[in-house]
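Student: My structure file entry_32.cif, mmCIF, C-alpha atoms, is below:
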data_input
loop_
_atom_site.label_atom_id
_atom_site.label_comp_id
_atom_site.auth_asym_id
_atom_site.auth_seq_id
_atom_site.Cartn_x
_atom_site.Cartn_y
_atom_site.Cartn_z
CA MET P 1 33.86 -22.60 21.71
CA THR P 2 30.19 -23.54 21.89
CA ILE P 3 27.92 -23.98 18.90
CA ALA P 4 24.27 -24.76 19.62
CA GLY P 5 23.33 -26.88 16.62
CA LEU P 6 25.63 -28.01 13.85
CA ILE P 7 26.57 -25.08 11.61
CA PRO P 8 27.87 -26.38 8.28
CA PRO P 9 30.73 -24.33 6.88
CA CYS P 10 29.89 -22.17 3.89
CA THR P 11 31.53 -22.56 0.52
CA ILE P 12 34.78 -20.67 0.80
CA LEU P 13 34.81 -17.58 -1.39
CA PRO P 14 37.93 -15.81 -2.65
CA VAL P 15 38.45 -13.04 -0.10
CA THR P 16 41.06 -10.68 1.20
CA VAL P 17 42.12 -11.78 4.69
CA ASN P 18 42.04 -8.97 7.23
CA SER P 19 44.49 -8.59 10.07
CA ASN P 20 43.55 -10.27 13.35
CA THR P 21 43.86 -6.87 14.99
CA CYS P 22 41.35 -5.11 12.79
CA CYS P 23 37.75 -5.77 11.76
CA LYS P 24 36.52 -4.09 8.62
CA ALA P 25 33.41 -4.29 6.46
CA PRO P 26 34.34 -4.70 2.79
CA GLU P 27 34.16 -1.85 0.32
CA TRP P 28 31.22 -3.45 -1.48
CA PHE P 29 28.71 -3.37 1.37
CA MET P 30 25.34 -2.31 -0.02
CA GLU P 31 22.56 0.11 0.87
CA TYR P 32 19.11 -1.41 0.52
CA SER P 33 15.88 0.20 -0.64
CA ASP P 34 13.21 -2.38 0.07
CA LYS P 35 10.31 -0.61 1.79
CA GLU P 36 9.40 -3.49 4.06
CA LEU P 37 12.95 -3.81 5.31
CA GLN P 38 13.14 -0.06 5.78
CA LYS P 39 10.12 -0.35 8.03
CA ASP P 40 11.87 -3.05 10.05
CA VAL P 41 14.84 -0.74 10.56
CA GLU P 42 12.44 1.99 11.62
CA ARG P 43 10.70 -0.36 14.08
CA ILE P 44 14.03 -1.15 15.73
CA ARG P 45 14.84 2.58 15.84
CA GLN P 46 11.60 3.17 17.76
CA ILE P 47 12.77 0.85 20.56
CA GLY P 48 14.66 3.32 22.70
CA ILE P 49 16.26 0.70 24.93
CA ILE P 50 18.28 -0.98 22.14
CA PRO P 51 21.26 1.46 22.14
CA THR P 52 21.55 0.84 25.89
CA LEU P 53 21.50 -2.92 25.33
CA LEU P 54 24.31 -2.64 22.77
CA ASP P 55 26.33 -0.47 25.17
CA VAL P 56 25.91 -3.06 27.93
CA ILE P 57 26.98 -5.87 25.57
CA CYS P 58 30.16 -4.07 24.56
CA GLN P 59 31.04 -3.12 28.14
CA LEU P 60 30.48 -6.60 29.61
CA THR P 61 32.05 -8.61 26.77
CA GLY P 62 34.84 -6.22 25.83
CA MET P 63 33.76 -6.52 22.19
CA GLY P 64 34.00 -3.47 19.98
CA PHE P 65 31.07 -4.00 17.65
CA ALA P 66 27.48 -4.96 18.51
CA ALA P 67 24.38 -4.79 16.34
CA VAL P 68 20.81 -5.82 15.76
CA ALA P 69 20.45 -7.16 12.22
CA ARG P 70 17.36 -7.95 10.14
CA VAL P 71 17.94 -11.27 8.38
CA THR P 72 15.67 -12.67 5.68
CA ASP P 73 16.21 -15.59 3.33
CA SER P 74 18.22 -13.27 1.07
CA ARG P 75 19.12 -10.11 2.99
CA TRP P 76 21.26 -9.00 5.96
CA ILE P 77 20.60 -5.42 7.05
CA THR P 78 21.92 -3.50 10.04
CA CYS P 79 19.12 -2.00 12.15
CA SER P 80 21.03 -0.60 15.14
CA VAL P 81 24.79 -0.44 15.75
CA ARG P 82 27.45 0.33 18.31
CA ASP P 83 30.77 0.46 16.51
CA ASP P 84 33.89 1.22 18.56
CA ILE P 85 36.28 -0.50 16.12
CA GLN P 86 35.30 1.44 12.96
CA PHE P 87 33.91 -1.69 11.33
CA GLY P 88 32.10 0.62 8.95
CA LEU P 89 28.42 -0.28 9.18
CA VAL P 90 25.59 2.10 10.08
CA PRO P 91 21.84 1.50 10.43
CA GLY P 92 20.57 0.59 6.99
CA SER P 93 23.84 -0.91 5.71
CA GLU P 94 23.65 -4.31 4.06
CA LEU P 95 26.11 -7.19 3.80
CA ARG P 96 25.83 -10.07 1.39
CA LEU P 97 23.99 -12.76 3.28
CA GLU P 98 26.27 -15.54 2.07
CA THR P 99 29.25 -13.80 3.70
CA THR P 100 27.67 -13.97 7.17
CA ILE P 101 27.01 -16.72 9.69
CA CYS P 102 23.51 -15.37 10.34
CA ASN P 103 22.04 -17.33 7.45
CA ASP P 104 22.92 -20.55 9.28
CA ILE P 105 21.39 -19.13 12.46
CA ARG P 106 18.20 -18.29 10.56
CA ASP P 107 17.96 -21.88 9.36
CA SER P 108 18.67 -23.47 12.75
CA TYR P 109 17.12 -20.89 15.12
CA SER P 110 20.22 -21.56 17.25
CA PRO P 111 22.92 -19.19 18.55
CA VAL P 112 26.57 -19.30 17.57
CA VAL P 113 29.28 -18.47 20.14
CA ILE P 114 33.03 -18.34 19.35
CA ASP P 115 35.70 -17.33 21.88
CA HIS P 116 38.69 -17.64 19.59
CA VAL P 117 38.32 -18.28 15.85
CA SER P 118 41.96 -19.33 15.34
CA GLU P 119 41.58 -22.11 17.91
CA SER P 120 38.26 -23.34 16.55
CA THR P 121 38.42 -26.50 14.46
CA LEU P 122 35.13 -25.59 12.82
CA PHE P 123 35.63 -21.87 12.18
CA ARG P 124 39.40 -21.33 11.79
CA ASN P 125 39.01 -21.72 7.99
CA HIS P 126 35.47 -20.39 7.74
CA PRO P 127 35.25 -17.60 5.12
CA THR P 128 33.26 -15.19 7.31
CA PRO P 129 35.86 -14.50 10.05
CA LEU P 130 38.60 -14.56 7.40
CA MET P 131 36.76 -11.93 5.38
CA TYR P 132 35.86 -9.62 8.26
CA GLY P 133 38.89 -10.15 10.47
CA PHE P 134 37.21 -11.03 13.77
CA GLN P 135 38.43 -13.53 16.36
CA SER P 136 35.46 -13.51 18.77
CA TYR P 137 31.84 -13.76 17.72
CA ILE P 138 28.47 -14.21 19.39
CA SER P 139 25.05 -14.10 17.73
CA PHE P 140 21.61 -15.00 19.09
CA PRO P 141 18.42 -15.30 17.03
CA ILE P 142 15.58 -12.83 17.58
CA ILE P 143 12.39 -14.84 17.30
CA LEU P 144 9.09 -12.97 17.13
CA LYS P 145 6.19 -14.10 19.29
CA THR P 146 4.57 -15.46 16.11
CA GLY P 147 7.50 -17.87 15.75
CA GLU P 148 8.90 -15.95 12.79
CA PHE P 149 12.64 -15.36 12.59
CA PHE P 150 13.36 -11.61 12.62
CA GLY P 151 17.13 -11.40 12.78
CA THR P 152 20.06 -11.55 15.18
CA LEU P 153 21.60 -9.80 18.12
CA CYS P 154 25.33 -10.12 17.48
CA ALA P 155 28.76 -8.87 18.49
CA ILE P 156 32.30 -9.24 17.08
CA ASP P 157 35.82 -8.19 17.97
CA PRO P 158 39.27 -8.58 16.37
CA GLN P 159 40.59 -9.97 19.67
CA PRO P 160 39.57 -13.23 21.41
CA ARG P 161 36.94 -12.64 24.10
CA ASN P 162 35.48 -14.86 26.79
CA VAL P 163 31.88 -15.02 25.56
CA GLU P 164 31.43 -18.79 25.97
CA ASN P 165 30.07 -18.57 29.51
CA PRO P 166 26.58 -18.84 31.02
CA ALA P 167 26.39 -15.22 32.14
CA ILE P 168 27.12 -13.72 28.69
CA MET P 169 24.98 -16.24 26.85
CA GLY P 170 22.14 -15.74 29.34
CA MET P 171 22.37 -11.98 28.83
CA PHE P 172 22.18 -12.36 25.03
CA SER P 173 19.20 -14.71 25.34
CA ALA P 174 17.38 -12.27 27.64
CA PHE P 175 18.18 -9.26 25.44
CA SER P 176 16.98 -11.12 22.31
CA ASP P 177 13.68 -11.93 24.04
CA LEU P 178 13.38 -8.32 25.19
CA ILE P 179 13.87 -7.04 21.63
CA SER P 180 11.27 -9.53 20.41
CA PHE P 181 8.81 -8.30 23.04
CA HIS P 182 9.33 -4.66 22.07
CA LEU P 183 8.95 -5.48 18.37
CA GLN P 184 5.62 -7.06 19.19
CA GLN P 185 4.56 -3.91 21.05
CA VAL P 186 5.61 -1.71 18.13
CA GLN P 187 3.64 -3.92 15.75
CA MET P 188 0.59 -3.82 18.02
CA LEU P 189 0.78 -0.02 18.15
CA GLU P 190 1.04 0.13 14.35
CA GLU P 191 -1.96 -2.16 13.99
CA ARG P 192 -3.92 -0.09 16.48
CA ASP P 193 -3.07 3.15 14.70
CA ASN P 194 -3.95 1.60 11.36
CA ALA P 195 -7.25 0.32 12.75
CA VAL P 196 -8.09 3.78 14.10
CA LYS P 197 -7.23 5.39 10.76
CA SER P 198 -9.24 2.77 8.91
CA LEU P 199 -12.26 3.30 11.17
CA ASN P 200 -11.95 7.06 10.82
CA ARG P 201 -11.81 6.70 7.04
CA GLN P 202 -14.86 4.45 7.06
CA LEU P 203 -16.72 6.82 9.38
CA THR P 204 -15.87 9.76 7.12
CA GLY P 205 -17.16 7.80 4.14
CA TYR P 206 -20.38 6.82 5.94
CA VAL P 207 -21.03 10.39 7.10
CA ASP P 208 -20.47 11.65 3.56
CA GLU P 209 -22.82 9.01 2.13
CA ILE P 210 -25.51 9.87 4.68
CA ARG P 211 -25.22 13.51 3.62
CA GLN P 212 -25.63 12.50 -0.01
CA TYR P 213 -28.57 10.20 0.71
CA ARG P 214 -30.35 13.02 2.53
CA HIS P 215 -29.78 15.34 -0.43
CA ILE P 216 -30.96 12.66 -2.84
CA SER P 217 -34.17 11.96 -0.90
CA SER P 218 -35.00 15.64 -0.39
CA HIS P 219 -33.95 16.99 -3.80
CA THR P 220 -32.74 14.61 -6.52
CA LEU P 221 -35.63 12.14 -6.29
CA GLN P 222 -38.23 14.81 -5.54
CA GLU P 223 -37.81 16.49 -8.94
CA PRO P 224 -38.89 13.50 -11.10
CA LEU P 225 -41.65 12.66 -8.60
CA ARG P 226 -42.98 16.23 -8.84
CA LYS P 227 -43.04 15.98 -12.63
CA LEU P 228 -44.85 12.65 -12.47
CA ARG P 229 -47.49 14.15 -10.19
CA VAL P 230 -47.93 17.21 -12.41
CA PHE P 231 -48.16 15.17 -15.63
CA SER P 232 -50.56 12.70 -13.97
CA GLU P 233 -52.90 15.53 -12.94
CA MET P 234 -52.71 17.02 -16.44
CA LEU P 235 -53.41 13.58 -17.93
CA LEU P 236 -56.53 13.20 -15.82
CA ASP P 237 -57.69 16.65 -16.85
CA ALA P 238 -57.06 15.88 -20.54
CA LEU P 239 -58.99 12.59 -20.34
CA GLN P 240 -61.95 14.28 -18.66
CA VAL P 241 -62.33 16.69 -21.61
CA GLN P 242 -61.47 14.01 -24.18
CA GLN P 243 -58.26 15.71 -25.36
CA LEU P 244 -56.76 12.42 -26.53
CA ASP P 245 -53.79 13.87 -28.38
CA ASP P 246 -52.73 15.80 -25.28
CA ALA P 247 -53.38 12.72 -23.15
CA LYS P 248 -51.13 10.61 -25.38
CA LEU P 249 -48.32 13.17 -25.17
CA LEU P 250 -48.68 13.40 -21.38
CA ALA P 251 -48.68 9.60 -21.08
CA GLN P 252 -45.42 9.50 -23.02
CA ARG P 253 -43.91 12.10 -20.69
CA ILE P 254 -45.08 10.10 -17.67
CA GLN P 255 -43.53 6.97 -19.13
CA LYS P 256 -40.26 8.78 -19.80
CA GLY P 257 -40.26 10.25 -16.30
CA ALA P 258 -41.00 6.85 -14.76
CA MET P 259 -38.11 5.30 -16.69
CA ARG P 260 -35.77 8.04 -15.51
CA PHE P 261 -36.97 7.58 -11.92
CA SER P 262 -36.47 3.83 -12.22
CA GLY P 263 -32.97 4.43 -13.58
CA LEU P 264 -32.11 6.68 -10.64
CA ILE P 265 -33.29 4.03 -8.18
CA ALA P 266 -31.29 1.35 -10.01
CA ASP P 267 -28.14 3.53 -10.00
CA LEU P 268 -28.64 4.29 -6.33
CA SER P 269 -29.03 0.59 -5.60
CA ASP P 270 -25.82 -0.18 -7.53
CA PHE P 271 -23.98 2.49 -5.56
CA ALA P 272 -25.26 1.18 -2.21
CA ASN P 273 -24.25 -2.39 -3.09
CA ILE P 274 -20.59 -1.52 -3.67
CA GLU P 275 -19.23 -2.80 -0.37
CA ASP P 276 -15.94 -4.29 0.78
CA GLU P 277 -17.59 -6.94 2.98
CA HIS P 278 -17.81 -10.58 1.89
CA THR P 279 -15.43 -9.90 -1.00
CA VAL P 280 -12.07 -11.48 -1.76
CA PHE P 281 -8.94 -9.42 -2.35
CA LYS P 282 -6.62 -10.92 -4.95
CA VAL P 283 -3.49 -9.88 -6.80
CA VAL P 284 -4.84 -7.83 -9.71
CA ASP P 285 -3.00 -6.82 -12.87
CA LEU P 286 -4.33 -3.28 -13.39
CA GLU P 287 -2.62 -2.97 -16.77
CA TYR P 288 -4.54 -6.02 -17.95
CA ILE P 289 -7.79 -4.67 -16.43
CA ASN P 290 -7.40 -1.39 -18.32
CA ASN P 291 -6.80 -3.21 -21.58
CA VAL P 292 -9.90 -5.36 -21.01
CA VAL P 293 -12.05 -2.28 -20.37
CA ALA P 294 -10.64 -0.48 -23.41
CA ALA P 295 -11.45 -3.54 -25.54
CA LYS P 296 -15.05 -3.61 -24.27
CA LEU P 297 -15.47 0.07 -25.15
CA ARG P 298 -13.58 -0.17 -28.44
CA SER P 299 -16.48 0.89 -30.66
CA ALA P 300 -17.17 3.98 -28.52
CA LEU P 301 -13.46 4.82 -28.46
CA ASP P 302 -13.18 4.39 -32.22
CA ALA P 303 -16.14 6.74 -32.65
CA LYS P 304 -14.10 9.39 -30.85
CA ASP P 305 -10.96 8.54 -32.88
CA ALA P 306 -9.35 7.80 -29.53
CA THR P 307 -5.73 7.04 -28.73
CA VAL P 308 -5.26 5.05 -25.51
CA THR P 309 -1.89 4.65 -23.74
CA ILE P 310 -1.78 2.29 -20.77
CA GLY P 311 0.99 1.48 -18.32
CA PRO P 312 3.22 0.29 -17.05
CA ILE P 313 1.10 -0.23 -13.92
CA PRO P 314 2.15 -2.59 -11.09
CA LYS P 315 -0.11 -5.24 -9.67
CA VAL P 316 -2.11 -4.51 -6.53
CA LYS P 317 -4.08 -6.54 -4.02
CA ALA P 318 -7.68 -5.64 -4.74
CA ILE P 319 -11.19 -6.81 -5.57
CA PRO P 320 -10.96 -7.65 -9.31
CA GLU P 321 -14.61 -6.89 -10.13
CA GLN P 322 -14.45 -3.50 -8.47
CA MET P 323 -11.22 -2.59 -10.24
CA GLU P 324 -12.82 -3.36 -13.59
CA GLN P 325 -15.89 -1.33 -12.61
CA LEU P 326 -13.65 1.56 -11.51
CA PHE P 327 -11.82 1.86 -14.80
CA PHE P 328 -14.98 1.26 -16.83
CA GLN P 329 -16.48 4.35 -15.18
CA LEU P 330 -13.35 6.39 -15.91
CA PHE P 331 -13.19 5.33 -19.57
CA ASP P 332 -16.94 5.93 -19.93
CA ASN P 333 -16.63 9.44 -18.51
CA ALA P 334 -13.69 10.26 -20.78
CA ILE P 335 -15.70 9.16 -23.81
CA LYS P 336 -18.84 10.95 -22.67
CA PHE P 337 -17.09 14.27 -22.10
CA ALA P 338 -14.70 14.25 -25.05
CA LYS P 339 -14.42 17.40 -27.12
CA PRO P 340 -16.54 17.40 -30.27
CA ASP P 341 -14.53 16.88 -33.46
CA VAL P 342 -11.24 16.48 -31.52
CA PRO P 343 -9.57 13.05 -31.31
CA LEU P 344 -9.77 11.74 -27.75
CA CYS P 345 -6.50 11.03 -25.98
CA ILE P 346 -6.46 8.85 -22.83
CA GLN P 347 -3.35 8.08 -20.77
CA VAL P 348 -3.17 5.74 -17.78
CA THR P 349 0.13 5.94 -15.90
CA SER P 350 1.42 5.17 -12.41
CA GLU P 351 4.18 6.04 -9.95
CA ASP P 352 5.25 5.02 -6.48
CA TYR P 353 3.69 7.04 -3.68
CA ILE P 354 5.15 7.67 -0.23
CA SER P 355 2.38 7.10 2.31
CA GLU P 356 4.03 9.45 4.83
CA ALA P 357 3.14 12.32 2.48
CA ASN P 358 -0.53 11.97 3.45
CA ALA P 359 -1.70 11.53 7.04
CA ALA P 360 -4.91 9.82 5.86
CA LEU P 361 -2.98 6.80 4.56
CA LEU P 362 -1.73 3.81 6.53
CA PRO P 363 2.07 4.11 6.92
CA ALA P 364 2.54 0.32 7.13
CA LYS P 365 1.46 -0.16 3.51
CA ASN P 366 3.10 0.45 0.14
CA TYR P 367 1.18 2.70 -2.24
CA ILE P 368 1.07 3.69 -5.89
CA ARG P 369 -0.57 6.65 -7.57
CA ILE P 370 -2.47 5.93 -10.78
CA MET P 371 -3.21 8.87 -13.09
CA PHE P 372 -6.09 8.61 -15.57
CA SER P 373 -5.86 11.60 -17.92
CA ASP P 374 -7.89 12.77 -20.90
CA ASN P 375 -8.02 15.82 -23.18
CA GLY P 376 -11.76 16.33 -22.82
CA ILE P 377 -13.87 19.41 -22.15
CA GLY P 378 -12.65 19.66 -18.55
CA ILE P 379 -14.52 20.69 -15.44
CA GLU P 380 -15.11 24.15 -14.02
CA PRO P 381 -13.29 24.76 -10.71
CA SER P 382 -16.60 25.51 -9.00
CA GLN P 383 -17.77 21.95 -9.75
CA LEU P 384 -14.75 20.08 -8.37
CA ASP P 385 -15.93 20.14 -4.74
CA THR P 386 -19.11 18.17 -5.53
CA ILE P 387 -18.05 16.22 -8.61
CA PHE P 388 -17.83 12.94 -6.62
CA ASP P 389 -21.32 13.31 -5.11
CA VAL P 390 -24.02 10.88 -6.24
CA PHE P 391 -25.97 12.23 -9.24
CA SER P 392 -23.65 15.22 -9.58
CA LYS P 393 -23.69 16.44 -13.19
CA LEU P 394 -21.94 19.14 -15.16
CA PRO P 395 -24.16 22.25 -15.46
CA THR P 396 -24.60 22.05 -19.19
CA GLU P 397 -27.60 21.14 -21.34
CA ILE P 398 -25.40 19.53 -24.00
CA PHE P 399 -24.50 16.42 -22.04
CA LEU P 400 -27.71 14.75 -20.89
CA GLU P 401 -26.58 11.14 -21.09
CA GLY P 402 -26.11 9.30 -17.78
CA SER P 403 -27.18 10.06 -14.23
CA GLY P 404 -23.91 11.47 -12.87
CA ILE P 405 -22.98 8.53 -10.67
CA GLY P 406 -19.78 7.29 -12.36
CA LEU P 407 -17.31 9.26 -10.23
CA SER P 408 -19.34 8.51 -7.09
CA ILE P 409 -18.92 4.80 -7.76
CA SER P 410 -15.22 5.36 -8.44
CA ARG P 411 -14.69 7.10 -5.12
CA LYS P 412 -16.57 4.41 -3.19
CA ILE P 413 -14.46 1.69 -4.79
CA ILE P 414 -11.27 3.55 -3.91
CA ARG P 415 -12.51 3.97 -0.33
CA ASN P 416 -13.26 0.25 -0.16
CA HIS P 417 -9.57 -0.30 -0.94
CA SER P 418 -8.29 2.12 1.74
CA GLY P 419 -7.16 4.57 -0.93
CA LEU P 420 -7.70 8.17 -1.94
CA ILE P 421 -9.03 9.75 -5.13
CA THR P 422 -8.71 13.33 -6.33
CA ILE P 423 -9.41 15.14 -9.55
CA GLN P 424 -7.63 17.99 -11.32
CA SER P 425 -9.17 19.64 -14.33
CA GLU P 426 -8.91 22.69 -16.55
CA PRO P 427 -11.83 23.67 -18.79
CA GLY P 428 -10.96 23.17 -22.44
CA ILE P 429 -7.72 21.32 -21.59
CA GLY P 430 -8.70 18.06 -19.94
CA THR P 431 -9.02 16.14 -16.68
CA THR P 432 -6.76 13.92 -14.57
CA VAL P 433 -8.18 11.58 -11.96
CA SER P 434 -5.50 10.56 -9.44
CA MET P 435 -6.00 7.38 -7.41
CA ILE P 436 -3.73 6.34 -4.55
CA LEU P 437 -4.01 2.61 -3.83
CA PRO P 438 -2.13 0.23 -1.53
CA THR P 439 -0.21 -2.45 -3.40
CA ASP P 440 -0.31 -5.00 -0.56
#
Show how you would write the structure in this file as structure tokens.
Tutor:
Amino acid sequence: MTIAGLIPPCTILPVTVNSNTCCKAPEWFMEYSDKELQKDVERIRQIGIIPTLLDVICQLTGMGFAAVARVTDSRWITCSVRDDIQFGLVPGSELRLETTICNDIRDSYSPVVIDHVSESTLFRNHPTPLMYGFQSYISFPIILKTGEFFGTLCAIDPQPRNVENPAIMGMFSAFSDLISFHLQQVQMLEERDNAVKSLNRQLTGYVDEIRQYRHISSHTLQEPLRKLRVFSEMLLDALQVQQLDDAKLLAQRIQKGAMRFSGLIADLSDFANIEDEHTVFKVVDLEYINNVVAAKLRSALDAKDATVTIGPIPKVKAIPEQMEQLFFQLFDNAIKFAKPDVPLCIQVTSEDYISEANAALLPAKNYIRIMFSDNGIGIEPSQLDTIFDVFSKLPTEIFLEGSGIGLSISRKIIRNHSGLITIQSEPGIGTTVSMILPTD
């Protein structure tokens, strides 16, 4: 028997001893659900050469079970398996880490090789071979090129096997390095794909903003400028004929128009300055952010006799200031477009979201969907296509307050966070704004 590095025996647990002629995983082996670990299993699955490596290991060593396992500081998960002895594990199965030897290997970064457990002074009473019923064991660490411990390449058998020899150990070392190399390639491909998707998303956002800026310069800003020119000409005419009352009224209109034009420029400047560069992403408690915004708008909410229900919402990695600005705009819109004489009802809820359901999202991230719903006047279906455009307003004379930039700011903030935003609405029923955001 050869052990590279001293492996201290684990605390012996009460177990049922299996026969030396049969290996068997216990009845309580677990299935895991952690998304990150699921992705690790999927990365191993993408490496097409691994089943061949496990076949070669079993053929050359005579061992009946070989596997690649993902090992963390608290988890042991099977990623790929060859099982000729009906040990009972499949890709995605989990064993309790404390019942394996791999935890010691993770700590030492050193392999463990055992020809014959019963003849080993160190392992004959070790709880792991007693529990699982194996007599031969070999496990090599898989170390990523970053130096991080990924897991192990291991094999077991209920019979003693001659694995303590340079050829077998050299093969395991080479195969472990090969798996590490392929994992690095898979990660590089994921990063490349994510970078391409991120650039495409940014390009789509830039193209859309350019379209909006062109419309703003050729239409939105031209209308108040035209009025200012018309009123200025009328003011000059009124002053020439000494119509002072008319001149005063025209001057007031010019002042009002200038203030509106100044407000449009200020809103446009605010929109342009919402960028994701030179900003710091932090862990943000969105439930707390929503409560802060609701408190700031308490008087306006009370005026609408509003009921606000928030959460639970998980924390995300985001730009805190932009998250507060995002939900301020949503609360402000809900208040602004509440039904007259009907108590306002606002609900903010969340749920997990599977990124694979939308090709525009990065598959390597975890996402949540946040729903911001109200029982306001709603939006006509014909307006939904342009509702996120800068200075887009509902076609009604009743609601004149604001410039129509709130949802535009909301979408830009969501884009800055590599997310998606959509809106569903029914006139007279209410509106739900759905935001998909990465949590990491």
Student: Do a neighbour search on range 294-303 of chain P at 10 Å with all atoms listed in the file, toss out local chain neighbours closer than 4 positions, and write the hits as a ChimeraX atom specification.
Tutor: /P:288-290,307-308,310,327-328,331-332,334-336,343-346
Student: Given the selection you just returned, output its residues as a file containing C-alpha atoms, formatted as a PDB file, in the coordinates of the input.
Tutor:
ATOM      1  CA  TYR P 288      -4.540  -6.020 -17.950  1.00  0.00           C
ATOM      2  CA  ILE P 289      -7.790  -4.670 -16.430  1.00  0.00           C
ATOM      3  CA  ASN P 290      -7.400  -1.390 -18.320  1.00  0.00           C
ATOM      4  CA  THR P 307      -5.730   7.040 -28.730  1.00  0.00           C
ATOM      5  CA  VAL P 308      -5.260   5.050 -25.510  1.00  0.00           C
ATOM      6  CA  ILE P 310      -1.780   2.290 -20.770  1.00  0.00           C
ATOM      7  CA  PHE P 327     -11.820   1.860 -14.800  1.00  0.00           C
ATOM      8  CA  PHE P 328     -14.980   1.260 -16.830  1.00  0.00           C
ATOM      9  CA  PHE P 331     -13.190   5.330 -19.570  1.00  0.00           C
ATOM     10  CA  ASP P 332     -16.940   5.930 -19.930  1.00  0.00           C
ATOM     11  CA  ALA P 334     -13.690  10.260 -20.780  1.00  0.00           C
ATOM     12  CA  ILE P 335     -15.700   9.160 -23.810  1.00  0.00           C
ATOM     13  CA  LYS P 336     -18.840  10.950 -22.670  1.00  0.00           C
ATOM     14  CA  PRO P 343      -9.570  13.050 -31.310  1.00  0.00           C
ATOM     15  CA  LEU P 344      -9.770  11.740 -27.750  1.00  0.00           C
ATOM     16  CA  CYS P 345      -6.500  11.030 -25.980  1.00  0.00           C
ATOM     17  CA  ILE P 346      -6.460   8.850 -22.830  1.00  0.00           C
TER      18      ILE P 346
END
Student: Got a sec: who's within 9 Å of Phe123 in chain P, counting all atoms listed in the file, leaving out chain neighbours fewer than 5 positions off, as a list in words?
Tutor: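 Those residues are Pro9, Ile114, Val117, Ser118, Thr128 and Pro129 of chain P.
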Student: Run the PyMOL selection byres ((chain P and resi 370) around 7) against the file shown and list the residues it catches, as a list in words.
Tutor: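 Output from the PyMOL selection byres ((chain P and resi 370) around 7), applied to this file: Thr349, Ser350, Glu351, Ile368, Arg369, Met371, Phe372, Ser434, Met435 and Ile436 of chain P.
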Student: Store the residues picked out above, limited to C-alpha atoms, as a CSV table (one decimal), in the frame of the given file.
Tutor:
chain,number,residue,atom,x,y,z
P,349,THR,CA,0.1,5.9,-15.9
P,350,SER,CA,1.4,5.2,-12.4
P,351,GLU,CA,4.2,6.0,-10.0
P,368,ILE,CA,1.1,3.7,-5.9
P,369,ARG,CA,-0.6,6.6,-7.6
P,371,MET,CA,-3.2,8.9,-13.1
P,372,PHE,CA,-6.1,8.6,-15.6
P,434,SER,CA,-5.5,10.6,-9.4
P,435,MET,CA,-6.0,7.4,-7.4
P,436,ILE,CA,-3.7,6.3,-4.6
Student: For the structure provided, state which residues fall under the PyMOL selection byres ((chain P and resi 165) around 12), and present them as a PyMOL selection string.
Tutor: chain P and resi 1-2+60-61+113-115+138+161-164+166-172
Student: How far is it from CA of His182 in chain P to CA of Ser108 in chain P, in Å with one decimal?
Tutor: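 Atom-to-atom, CA of His182 in chain P and CA of Ser108 in chain P are spaced 23.0 Å apart.
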Student: Would you mind reading off the distance between CA of Asp374 in chain P and CA of Gly430 in chain P, one decimal, in Å?
Tutor: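 Separating CA of Asp374 in chain P from CA of Gly430 in chain P is a distance of 5.4 Å.
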Student: Taking 3 positions as the minimum chain separation for residues in the same chain, which residues sit within 8 Å of Thr99 in chain P when counting all atoms listed in the file? Answer as a count of residues only.
Tutor: 5
Student: With the file shown as input, list the residues that the PyMOL selection byres ((chain P and resi 313) around 6) selects, as a PyMOL selection string.
Tutor: chain P and resi 287+311-312+314+350
Student: Any idea what's packed within 8 Å of Val433 in chain P, counting all atoms listed in the file, ignoring anything in its chain fewer than 4 positions away? Could you give it as an MDAnalysis selection string?
Tutor: chainID P and resid 371:373 421:424
Student: Smallest atom-to-atom distance to Leu153 in chain P: which of P:Met323, P:Val90, P:Ile49, P:Ile57, using all atoms listed in the file?
Tutor: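 Using all atoms listed in the file, the shortest distance to Leu153 in chain P belongs to P:Ile57.
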Student: Could you please determine the separation between CA of Lys339 in chain P and CA of Gly263 in chain P in Å, to one decimal place?
Tutor: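 One can read the CA of Lys339 in chain P to CA of Gly263 in chain P distance as 26.4 Å.
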